[in-house]
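Below is coords.cif, which holds mmCIF, C-alpha atoms.
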data_upload
#
loop_
_atom_site.label_atom_id
_atom_site.label_comp_id
_atom_site.auth_asym_id
_atom_site.auth_seq_id
_atom_site.Cartn_x
_atom_site.Cartn_y
_atom_site.Cartn_z
CA MET A 120 18.78 -10.53 8.58
CA THR A 121 20.84 -12.44 11.04
CA THR A 122 21.27 -11.90 14.73
CA ASP A 123 24.75 -12.60 15.90
CA PHE A 124 24.20 -12.84 19.66
CA PHE A 125 26.36 -15.90 20.05
CA ASP A 126 29.77 -16.69 18.81
CA LYS A 127 29.00 -19.90 16.99
CA GLY A 128 31.90 -21.52 18.75
CA ASP A 129 29.93 -21.22 22.02
CA LEU A 130 26.86 -23.05 20.75
CA PRO A 131 26.44 -26.50 22.27
CA GLN A 132 26.89 -29.35 19.86
CA GLY A 133 25.08 -32.61 19.67
CA ASN A 134 21.74 -33.85 18.43
CA THR A 135 18.66 -33.69 20.59
CA MET A 136 15.84 -36.17 20.63
CA LEU A 137 12.46 -34.65 21.34
CA ILE A 138 9.85 -36.94 22.81
CA GLU A 139 6.21 -36.17 23.38
CA GLY A 140 5.48 -37.78 26.70
CA PRO A 141 4.44 -39.24 28.92
CA LEU A 142 7.12 -41.89 28.89
CA ARG A 143 5.53 -44.89 30.58
CA GLY A 144 6.96 -47.66 32.71
CA GLY A 145 8.89 -50.11 30.54
CA HIS A 146 9.87 -47.53 27.91
CA LYS A 147 13.57 -47.18 27.36
CA VAL A 148 15.36 -44.40 25.51
CA ASP A 149 19.04 -44.73 24.63
CA TYR A 150 20.37 -41.77 22.65
CA ASP A 151 23.69 -40.33 21.61
CA GLY A 152 22.92 -36.69 22.29
CA ASN A 153 20.50 -34.75 24.46
CA VAL A 154 16.98 -35.86 25.29
CA VAL A 155 14.01 -33.60 25.89
CA VAL A 156 10.68 -34.99 27.03
CA MET A 157 7.51 -32.94 26.81
CA GLY A 158 5.62 -34.62 29.62
CA ASP A 159 6.26 -36.96 32.50
CA VAL A 160 8.74 -39.79 32.75
CA ASN A 161 6.96 -42.38 34.85
CA ALA A 162 8.52 -44.84 37.28
CA GLY A 163 9.85 -47.83 35.37
CA ALA A 164 10.90 -45.74 32.36
CA GLU A 165 14.60 -45.30 31.60
CA ILE A 166 16.49 -42.61 29.71
CA ARG A 167 20.11 -42.98 28.82
CA ALA A 168 21.65 -40.04 27.00
CA THR A 169 25.23 -39.00 26.32
CA GLY A 170 24.24 -35.36 26.73
CA HIS A 171 21.74 -33.43 28.84
CA VAL A 172 18.31 -34.67 29.82
CA ILE A 173 15.49 -32.18 30.14
CA ILE A 174 12.10 -33.30 31.38
CA PHE A 175 9.25 -30.85 30.99
CA GLY A 176 7.18 -32.72 33.51
CA ALA A 177 7.67 -35.02 36.46
CA LEU A 178 10.74 -37.23 36.40
CA ARG A 179 9.81 -40.35 38.36
CA GLY A 180 11.85 -42.91 36.44
CA MET A 181 15.52 -43.63 35.95
CA VAL A 182 17.73 -41.21 34.06
CA HIS A 183 21.38 -41.31 33.06
CA GLY A 184 22.83 -38.10 31.65
CA GLY A 185 26.36 -37.79 30.27
CA ALA A 186 26.25 -41.56 29.89
CA ASP A 187 29.59 -41.77 28.07
CA GLY A 188 31.38 -39.92 30.82
CA ASP A 189 30.50 -36.25 30.24
CA VAL A 190 30.58 -34.73 33.73
CA ASN A 191 29.17 -31.46 32.38
CA ALA A 192 25.86 -33.06 31.49
CA LYS A 193 22.86 -31.85 33.42
CA VAL A 194 19.45 -33.23 34.23
CA LEU A 195 16.53 -30.85 34.58
CA ALA A 196 12.94 -31.56 35.48
CA LEU A 197 9.89 -29.59 36.53
CA MET A 198 9.56 -32.14 39.29
CA LEU A 199 12.72 -34.06 40.04
CA PHE A 200 11.89 -37.27 41.85
CA PRO A 201 13.69 -40.05 40.00
CA THR A 202 14.05 -43.58 41.33
CA GLN A 203 17.70 -43.23 40.41
CA LEU A 204 19.74 -40.51 38.81
CA ARG A 205 23.10 -40.91 37.13
CA ILE A 206 25.43 -38.36 35.61
CA ALA A 207 28.56 -39.76 33.96
CA ASP A 208 29.85 -42.34 36.49
CA HIS A 209 28.00 -40.92 39.48
CA ILE A 210 24.96 -42.78 40.74
CA THR A 211 22.59 -41.20 43.24
CA CYS A 212 19.22 -41.94 44.76
CA PRO A 213 16.84 -39.51 46.38
CA PRO A 214 17.44 -39.26 50.13
CA GLU A 215 14.94 -40.68 52.64
CA GLY A 216 11.92 -38.46 52.99
CA TYR A 217 12.62 -36.64 49.75
CA GLY A 218 9.14 -37.43 48.55
CA GLU A 219 7.63 -34.95 50.95
CA ILE A 220 9.66 -32.04 49.67
CA ALA A 221 9.86 -33.03 46.02
CA GLY A 222 7.87 -31.07 43.56
CA ARG A 223 8.37 -27.72 45.21
CA ALA A 224 10.03 -26.22 42.17
CA PRO A 225 11.82 -27.15 38.98
CA GLU A 226 15.26 -28.53 39.78
CA ILE A 227 18.53 -29.18 38.05
CA ALA A 228 21.00 -31.92 38.88
CA ARG A 229 24.62 -31.50 37.96
CA ILE A 230 28.10 -32.43 39.08
CA SER A 231 29.91 -29.90 41.17
CA ASN A 232 33.17 -30.54 43.01
CA GLY A 233 33.07 -34.19 42.16
CA LYS A 234 29.55 -34.96 43.36
CA VAL A 235 25.99 -34.67 42.19
CA ILE A 236 24.14 -31.67 43.54
CA ILE A 237 20.55 -30.64 43.08
CA GLU A 238 19.55 -27.02 42.91
CA GLN A 239 16.23 -25.36 42.56
CA LEU A 240 15.85 -23.45 39.35
CA ALA A 241 14.93 -19.87 40.06
CA VAL A 242 11.94 -19.00 37.90
CA MET B 43 -21.35 -53.85 14.17
CA GLY B 44 -20.50 -54.25 17.83
CA GLU B 45 -17.59 -52.99 19.84
CA VAL B 46 -14.85 -55.20 21.29
CA ILE B 47 -13.60 -53.92 24.62
CA VAL B 48 -10.73 -55.56 26.49
CA ILE B 49 -10.61 -55.16 30.27
CA THR B 50 -7.04 -55.38 31.42
CA SER B 51 -4.77 -54.23 34.24
CA GLY B 52 -1.32 -55.79 34.25
CA LYS B 53 -1.55 -56.43 37.95
CA GLY B 54 -3.44 -59.48 39.13
CA GLY B 55 -6.27 -59.35 41.61
CA VAL B 56 -7.38 -55.77 41.04
CA GLY B 57 -10.82 -56.72 39.81
CA LYS B 58 -10.76 -57.31 36.04
CA THR B 59 -13.02 -60.35 36.18
CA THR B 60 -15.43 -58.75 38.63
CA THR B 61 -15.47 -55.61 36.49
CA THR B 62 -16.04 -57.56 33.27
CA ALA B 63 -18.90 -59.52 34.83
CA ASN B 64 -20.55 -56.44 36.27
CA ILE B 65 -20.16 -54.09 33.33
CA GLY B 66 -21.42 -56.89 31.10
CA THR B 67 -24.41 -57.48 33.35
CA ALA B 68 -25.15 -53.76 33.46
CA LEU B 69 -24.97 -53.39 29.68
CA ALA B 70 -27.28 -56.38 29.26
CA MET B 71 -29.69 -54.85 31.78
CA MET B 72 -29.74 -51.78 29.52
CA GLY B 73 -30.88 -54.03 26.67
CA LYS B 74 -27.53 -54.23 24.87
CA ARG B 75 -26.67 -57.63 23.40
CA THR B 76 -23.51 -58.46 25.30
CA VAL B 77 -21.08 -61.37 25.28
CA LEU B 78 -18.32 -61.92 27.82
CA LEU B 79 -15.17 -63.74 26.72
CA ASP B 80 -12.84 -65.27 29.30
CA THR B 81 -9.30 -65.41 27.91
CA ASP B 82 -7.62 -66.46 31.15
CA ILE B 83 -6.96 -69.96 29.84
CA GLY B 84 -5.90 -72.29 32.61
CA LEU B 85 -7.06 -69.98 35.40
CA ARG B 86 -10.61 -69.26 34.39
CA ASN B 87 -12.85 -67.38 36.83
CA LEU B 88 -15.44 -65.49 34.81
CA ASP B 89 -17.75 -68.51 34.71
CA VAL B 90 -17.72 -68.77 38.51
CA VAL B 91 -18.33 -65.07 39.03
CA MET B 92 -21.30 -65.26 36.64
CA GLY B 93 -22.66 -68.37 38.35
CA LEU B 94 -22.49 -70.37 35.12
CA GLU B 95 -19.74 -72.90 35.85
CA ASN B 96 -22.15 -75.83 35.87
CA ARG B 97 -23.32 -75.02 32.37
CA ILE B 98 -20.03 -75.24 30.53
CA VAL B 99 -20.10 -77.71 27.67
CA TYR B 100 -17.64 -76.15 25.23
CA HIS B 101 -15.06 -73.43 25.73
CA LEU B 102 -12.88 -70.98 23.81
CA VAL B 103 -10.19 -73.52 22.89
CA ASP B 104 -12.85 -75.94 21.58
CA VAL B 105 -13.85 -73.12 19.23
CA THR B 106 -10.33 -72.25 18.06
CA GLU B 107 -9.46 -75.92 17.60
CA LYS B 108 -12.70 -76.41 15.68
CA ARG B 109 -14.29 -79.02 17.90
CA CYS B 110 -17.43 -76.95 18.08
CA ARG B 111 -19.09 -73.96 16.48
CA LEU B 112 -18.82 -70.56 18.16
CA GLN B 113 -22.54 -70.72 18.94
CA GLN B 114 -22.16 -73.96 20.89
CA ALA B 115 -19.61 -72.43 23.27
CA MET B 116 -21.93 -69.57 24.22
CA ILE B 117 -23.74 -69.89 27.52
CA LYS B 118 -26.81 -67.74 28.04
CA ASP B 119 -27.04 -65.98 31.40
CA LYS B 120 -29.55 -67.55 33.76
CA LYS B 121 -31.78 -64.49 33.83
CA LEU B 122 -30.71 -61.92 31.24
CA ASP B 123 -31.30 -63.12 27.72
CA THR B 124 -29.18 -60.29 26.30
CA LEU B 125 -26.11 -61.67 28.07
CA SER B 126 -23.89 -64.59 27.08
CA LEU B 127 -20.56 -66.01 28.22
CA ILE B 128 -17.83 -67.90 26.38
CA PRO B 129 -15.70 -69.57 29.04
CA ALA B 130 -11.97 -70.26 28.90
CA ALA B 131 -10.48 -73.75 29.02
CA GLN B 132 -9.23 -74.85 32.39
CA THR B 133 -7.08 -77.80 31.37
CA ARG B 134 -4.95 -75.88 28.89
CA ASP B 135 -2.76 -72.78 29.13
CA LYS B 136 -2.33 -69.50 27.33
CA SER B 137 -0.18 -70.97 24.59
CA ALA B 138 -3.25 -72.84 23.33
CA VAL B 139 -4.57 -69.87 21.38
CA SER B 140 -2.90 -67.46 18.96
CA GLU B 141 -3.56 -63.78 18.31
CA SER B 142 -4.93 -64.45 14.84
CA GLN B 143 -7.31 -67.09 16.20
CA MET B 144 -8.51 -64.61 18.80
CA LYS B 145 -9.09 -61.96 16.16
CA LYS B 146 -11.24 -64.39 14.15
CA VAL B 147 -13.35 -65.10 17.22
CA THR B 148 -13.84 -61.45 18.14
CA ASP B 149 -14.56 -60.47 14.52
CA ALA B 150 -17.30 -63.09 14.41
CA LEU B 151 -18.72 -62.02 17.77
CA LYS B 152 -18.81 -58.35 16.74
CA LYS B 153 -21.35 -59.19 14.07
CA GLU B 154 -23.83 -60.64 16.53
CA PHE B 155 -23.43 -58.51 19.64
CA ASP B 156 -23.44 -54.83 20.57
CA TYR B 157 -20.63 -55.34 23.06
CA VAL B 158 -17.94 -58.00 23.29
CA LEU B 159 -16.17 -57.73 26.65
CA ILE B 160 -12.87 -59.55 26.93
CA ASP B 161 -11.66 -60.50 30.40
CA CYS B 162 -7.88 -60.28 30.04
CA PRO B 163 -5.57 -62.32 32.26
CA ALA B 164 -2.96 -60.67 34.46
CA GLY B 165 0.48 -60.13 32.97
CA ILE B 166 1.83 -58.84 29.69
CA GLU B 167 2.74 -62.07 27.93
CA GLN B 168 0.82 -64.28 25.50
CA GLY B 169 -2.42 -64.13 27.45
CA PHE B 170 -2.44 -60.35 27.33
CA LYS B 171 -1.44 -60.27 23.66
CA ASN B 172 -4.26 -62.66 22.79
CA ALA B 173 -6.83 -60.66 24.71
CA VAL B 174 -5.80 -57.43 23.02
CA ALA B 175 -5.54 -58.86 19.49
CA GLY B 176 -9.08 -58.15 18.36
CA ALA B 177 -9.95 -55.28 20.66
CA ASP B 178 -11.27 -51.92 19.49
CA ARG B 179 -10.62 -50.25 22.81
CA ALA B 180 -9.42 -51.00 26.30
CA LEU B 181 -10.39 -50.30 29.86
CA VAL B 182 -7.61 -50.48 32.42
CA VAL B 183 -8.51 -51.48 35.96
CA THR B 184 -6.32 -50.39 38.82
CA THR B 185 -6.54 -50.09 42.59
CA PRO B 186 -5.24 -47.09 44.55
CA GLU B 187 -1.93 -48.79 45.31
CA ILE B 188 1.45 -47.88 43.91
CA SER B 189 2.20 -51.37 42.59
CA ALA B 190 -1.11 -51.56 40.74
CA VAL B 191 -0.67 -48.09 39.27
CA ARG B 192 2.85 -48.90 38.09
CA ASP B 193 1.61 -52.00 36.33
CA ALA B 194 -1.31 -50.08 34.84
CA ASP B 195 1.13 -47.53 33.48
CA ARG B 196 3.15 -50.30 31.85
CA VAL B 197 0.05 -51.81 30.31
CA ILE B 198 -1.17 -48.46 29.00
CA GLY B 199 2.18 -48.09 27.25
CA LEU B 200 1.75 -51.51 25.66
CA LEU B 201 -1.82 -50.77 24.59
CA GLU B 202 -0.66 -47.54 22.96
CA ALA B 203 2.11 -49.44 21.19
CA ALA B 204 -0.49 -51.96 19.96
CA GLY B 205 -2.30 -49.12 18.26
CA LEU B 206 -5.39 -49.04 20.45
CA PRO B 207 -6.99 -45.67 21.12
CA GLN B 208 -6.20 -44.19 24.52
CA PRO B 209 -7.58 -46.47 27.21
CA GLN B 210 -9.79 -45.30 30.05
CA VAL B 211 -9.17 -46.18 33.64
CA ILE B 212 -11.36 -47.66 36.36
CA VAL B 213 -10.14 -47.17 39.92
CA ASN B 214 -11.39 -50.12 41.93
CA ARG B 215 -11.48 -50.98 45.64
CA VAL B 216 -11.24 -47.39 46.81
CA ARG B 217 -11.47 -46.92 50.56
CA PHE B 218 -12.61 -43.32 50.86
CA ASP B 219 -11.98 -43.29 54.61
CA MET B 220 -8.32 -44.11 54.02
CA VAL B 221 -8.05 -41.57 51.22
CA ARG B 222 -9.37 -38.89 53.54
CA ARG B 223 -6.78 -39.80 56.17
CA GLY B 224 -4.06 -39.56 53.53
CA GLU B 225 -3.30 -43.28 53.88
CA MET B 226 -4.39 -44.21 50.38
CA MET B 227 -3.66 -42.64 46.99
CA ASN B 228 -6.44 -40.39 45.82
CA ILE B 229 -7.92 -40.33 42.35
CA GLU B 230 -5.98 -37.27 41.27
CA ASP B 231 -2.65 -38.88 42.20
CA ILE B 232 -3.53 -41.85 40.05
CA LEU B 233 -4.71 -39.82 37.06
CA ASP B 234 -1.64 -37.62 37.42
CA ILE B 235 0.61 -40.60 36.83
CA LEU B 236 -1.48 -42.45 34.27
CA SER B 237 -2.51 -39.40 32.21
CA VAL B 238 -5.61 -41.08 30.84
CA GLU B 239 -9.32 -40.41 31.18
CA LEU B 240 -11.26 -41.77 34.13
CA ILE B 241 -14.32 -43.87 33.36
CA GLY B 242 -15.21 -45.28 36.77
CA ILE B 243 -14.57 -45.31 40.50
CA VAL B 244 -15.72 -48.33 42.49
CA ALA B 245 -15.57 -48.37 46.27
CA ASP B 246 -14.32 -51.37 48.19
CA ASP B 247 -17.45 -53.21 49.17
CA GLU B 248 -17.92 -56.37 51.24
CA ASP B 249 -21.01 -57.14 49.23
CA ILE B 250 -18.83 -57.83 46.21
CA VAL B 251 -17.17 -60.74 48.00
CA ILE B 252 -20.58 -62.14 48.84
CA SER B 253 -21.98 -61.66 45.37
CA THR B 254 -18.91 -63.21 43.75
CA ASN B 255 -19.24 -66.30 45.87
CA ARG B 256 -22.89 -66.55 44.99
CA GLY B 257 -22.31 -66.05 41.29
CA GLU B 258 -24.67 -63.05 41.26
CA PRO B 259 -22.95 -59.93 39.88
CA ILE B 260 -23.50 -56.98 42.18
CA ALA B 261 -24.60 -54.74 39.30
CA LYS B 262 -28.02 -56.35 39.73
CA ASN B 263 -28.21 -55.09 43.31
CA GLN B 264 -30.04 -51.76 43.31
CA LEU B 265 -29.11 -51.04 46.93
CA SER B 266 -25.38 -51.36 46.50
CA ALA B 267 -23.16 -48.34 45.84
CA ALA B 268 -20.62 -50.52 44.07
CA GLY B 269 -23.39 -51.95 41.92
CA LYS B 270 -24.38 -48.44 40.98
CA SER B 271 -20.78 -47.59 40.11
CA PHE B 272 -20.65 -50.50 37.69
CA ARG B 273 -23.95 -49.51 36.14
CA ASN B 274 -22.62 -45.98 35.72
CA ILE B 275 -19.54 -47.31 33.96
CA ALA B 276 -21.80 -49.19 31.57
CA ARG B 277 -23.73 -46.01 30.88
CA ARG B 278 -20.52 -44.12 30.15
CA ILE B 279 -19.43 -46.86 27.79
CA THR B 280 -22.60 -46.33 25.77
CA GLY B 281 -21.69 -42.65 25.52
CA GLU B 282 -23.90 -41.25 28.25
CA ASP B 283 -22.40 -38.43 30.29
CA VAL B 284 -22.72 -39.60 33.89
CA PRO B 285 -21.10 -37.29 36.43
CA PHE B 286 -18.83 -38.71 39.07
CA PHE B 287 -19.70 -38.25 42.74
CA TYR B 288 -16.23 -37.07 43.35
CA ASP B 289 -15.28 -33.50 42.48
CA GLY B 290 -11.59 -33.70 43.16
CA THR B 291 -11.32 -31.34 46.11
CA GLY B 292 -10.72 -32.87 49.53
CA LYS B 293 -13.46 -31.57 51.81
CA SER B 294 -16.53 -31.40 49.65
CA PHE B 295 -15.57 -34.75 48.17
CA TRP B 296 -15.79 -36.32 51.58
CA ARG B 297 -19.12 -34.69 52.37
CA ARG B 298 -20.59 -36.08 49.18
CA VAL B 299 -19.12 -39.48 49.76
CA ARG B 300 -20.61 -39.53 53.27
CA ALA B 301 -24.02 -38.80 51.82
CA VAL B 302 -23.71 -41.65 49.36
CA PHE B 303 -22.47 -44.15 51.89
CA ALA B 304 -24.81 -43.22 54.73
CA ARG B 305 -26.53 -46.38 55.81
#
Let me see the file written as structure tokens.
Amino acid sequence: MTTDFFDKGDLPQGNTMLIEGPLRGGHKVDYDGNVVVMGDVNAGAEIRATGHVIIFGALRGMVHGGADGDVNAKVLALMLFPTQLRIADHITCPPEGYGEIAGRAPEIARISNGKVIIEQLAV
Amino acid sequence: MGEVIVITSGKGGVGKTTTTANIGTALAMMGKRTVLLDTDIGLRNLDVVMGLENRIVYHLVDVTEKRCRLQQAMIKDKKLDTLSLIPAAQTRDKSAVSESQMKKVTDALKKEFDYVLIDCPAGIEQGFKNAVAGADRALVVTTPEISAVRDADRVIGLLEAAGLPQPQVIVNRVRFDMVRRGEMMNIEDILDILSVELIGIVADDEDIVISTNRGEPIAKNQLSAAGKSFRNIARRITGEDVPFFYDGTGKSFWRRVRAVFAR
């Protein structure tokens, strides 16, 4: 029995690396595809992925989604507080004082109208 | 067969040597045959902290270069006959010893002692690799400061990669008054980042400076809270379940801490 909810043409392509965290300082991941981490990504850790990056934990390290130029790549985290975040060619850092408001809710970073925006994920 | 425990941190100056000396002293006071091994070649301190610097005849590099037997490099503690020290060399550096040589030394020591405590140097280079080579488990020392915790995280990653079981962490030099004012990281913040089990909390204590300079580990001091913390860590190492003073919730934590530190 098959369920045909999706038109297979709509399904996202690409391999996904699944990592059981936490990713500690000094660990580096470089992957052609999406990366999912079950756990935290600590400060000093780096993830570079050509696709999306999904962190099921606190993102405190450096992440680069859409590393080969895909501006549709997204970065999600339960707690988004990276030292630096990059999507495609855009580089951003958390604004001053972000630490106090970080961790309120899961957030998603993506490019909209040519710049990186961060939105809370409604749960 | 004894257990080889490496005490490491990544960051320098957080209290590895003091911790090694005190946990070793506490274990020996419990009757466990304990040997301390200083692997900080070129910058040795464990001998000074133990008050045994005047008794050094042979050191670790003399052993690995076969100028003496392992037994000859061991220095018995002045008072505790269950405690010995093998000092590092001061006139060499960390390239003087290899990982396989270290493993031979620790394998031999395991046969004679219940606990072999290795004082690891700061850093993650050859000195660290040597210290970890023969270890069965690791204790990571950190202070409640972001830089120390970052380095501890790095080191924990390296220990995991070296195949050691998950290390346990000791949070040293805690200033509970600053934690209460929100000026210093609290224990939960640290454990949140490091994601490892806690095995000890040691408060910042002036008496430690004094005892270090005298070469008398503070674990011997029954009146000192820090001394008690080290003795508790030793008890936990032997498998005893010793509760922590701290319960993790702000207010009642402070009330309990006040009671402990009331002078």
Mind giving me the axis-aligned box for stretch 215-221 of chain B with 4 Å on every side, centre plus edges in Å to one decimal, as lines of an AutoDock Vina configuration file?
center_x = -10.3
center_y = -46.3
center_z = 50.1
size_x = 12.6
size_y = 17.4
size_z = 17.0
A:Ala241 environment, 12 Å, all atoms listed in the file, sequence neighbours closer than 5 positions dropped, as a ChimeraX atom specification
/A:197,223-227
Excluding A:Tyr150 and its own-chain neighbours fewer than 5 positions away, which residues fall within 10 Å of it when counting all atoms listed in the file? Please give them as a list in words.
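The contact residues come out as Asn134, Thr135, Met136, Ile166, Arg167, Ala168, Thr169, Gly170 and Ala186 of chain A.
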Using all atoms listed in the file, select each residue of chain B with any atom at most 10 Å away from an atom of chain A, and give the selection as a list in words.
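Result, ordered by chain then number: Val191, Arg192, Asp193, Ala194, Asp195, Arg196, Val197, Ile198, Gly199, Leu200, Asp234, Ile235, Leu236 and Ser237 of chain B.
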Quote the spacing between atom CA of B:Leu265 and atom CA of B:Arg223 in Å to one decimal place.
26.7 Å
Residues near B:Ile128, cut-off 10 Å, all atoms listed in the file, skip fewer than 4 positions along chain, as a PyMOL selection string
chain B and resi 77-81+88-89+98+100-102+105+112-118+160
Output for the residues just chosen: C-alpha atoms as an mmCIF file, in the frame of the given file:
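This went into again23.cif:
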data_model
loop_
_atom_site.group_PDB
_atom_site.id
_atom_site.type_symbol
_atom_site.label_atom_id
_atom_site.label_comp_id
_atom_site.auth_asym_id
_atom_site.auth_seq_id
_atom_site.Cartn_x
_atom_site.Cartn_y
_atom_site.Cartn_z
ATOM 1 C CA VAL B 77 -21.080 -61.370 25.280
ATOM 2 C CA LEU B 78 -18.320 -61.920 27.820
ATOM 3 C CA LEU B 79 -15.170 -63.740 26.720
ATOM 4 C CA ASP B 80 -12.840 -65.270 29.300
ATOM 5 C CA THR B 81 -9.300 -65.410 27.910
ATOM 6 C CA LEU B 88 -15.440 -65.490 34.810
ATOM 7 C CA ASP B 89 -17.750 -68.510 34.710
ATOM 8 C CA ILE B 98 -20.030 -75.240 30.530
ATOM 9 C CA TYR B 100 -17.640 -76.150 25.230
ATOM 10 C CA HIS B 101 -15.060 -73.430 25.730
ATOM 11 C CA LEU B 102 -12.880 -70.980 23.810
ATOM 12 C CA VAL B 105 -13.850 -73.120 19.230
ATOM 13 C CA LEU B 112 -18.820 -70.560 18.160
ATOM 14 C CA GLN B 113 -22.540 -70.720 18.940
ATOM 15 C CA GLN B 114 -22.160 -73.960 20.890
ATOM 16 C CA ALA B 115 -19.610 -72.430 23.270
ATOM 17 C CA MET B 116 -21.930 -69.570 24.220
ATOM 18 C CA ILE B 117 -23.740 -69.890 27.520
ATOM 19 C CA LYS B 118 -26.810 -67.740 28.040
ATOM 20 C CA ILE B 160 -12.870 -59.550 26.930
#
Tell me which protein, DNA and RNA residues are within 7 Å of B:Leu122, counting all atoms listed in the file, leaving out same-chain ones fewer than 3 positions away, and put them as a VMD selection string.
chain B and resid 70 119 125
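Minimum atom-to-atom distances from B:Arg97, B:Lys121, B:Lys53, B:Lys152 to B:Lys262 were compared using all atoms listed in the file, and the lowest value belongs to B:Lys121.
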Chain and number of each residue from the PyMOL selection byres ((chain B and resi 181-189) around 6), as number ranges by chain:
B: 49-51, 56, 180, 190-192, 209-215, 227
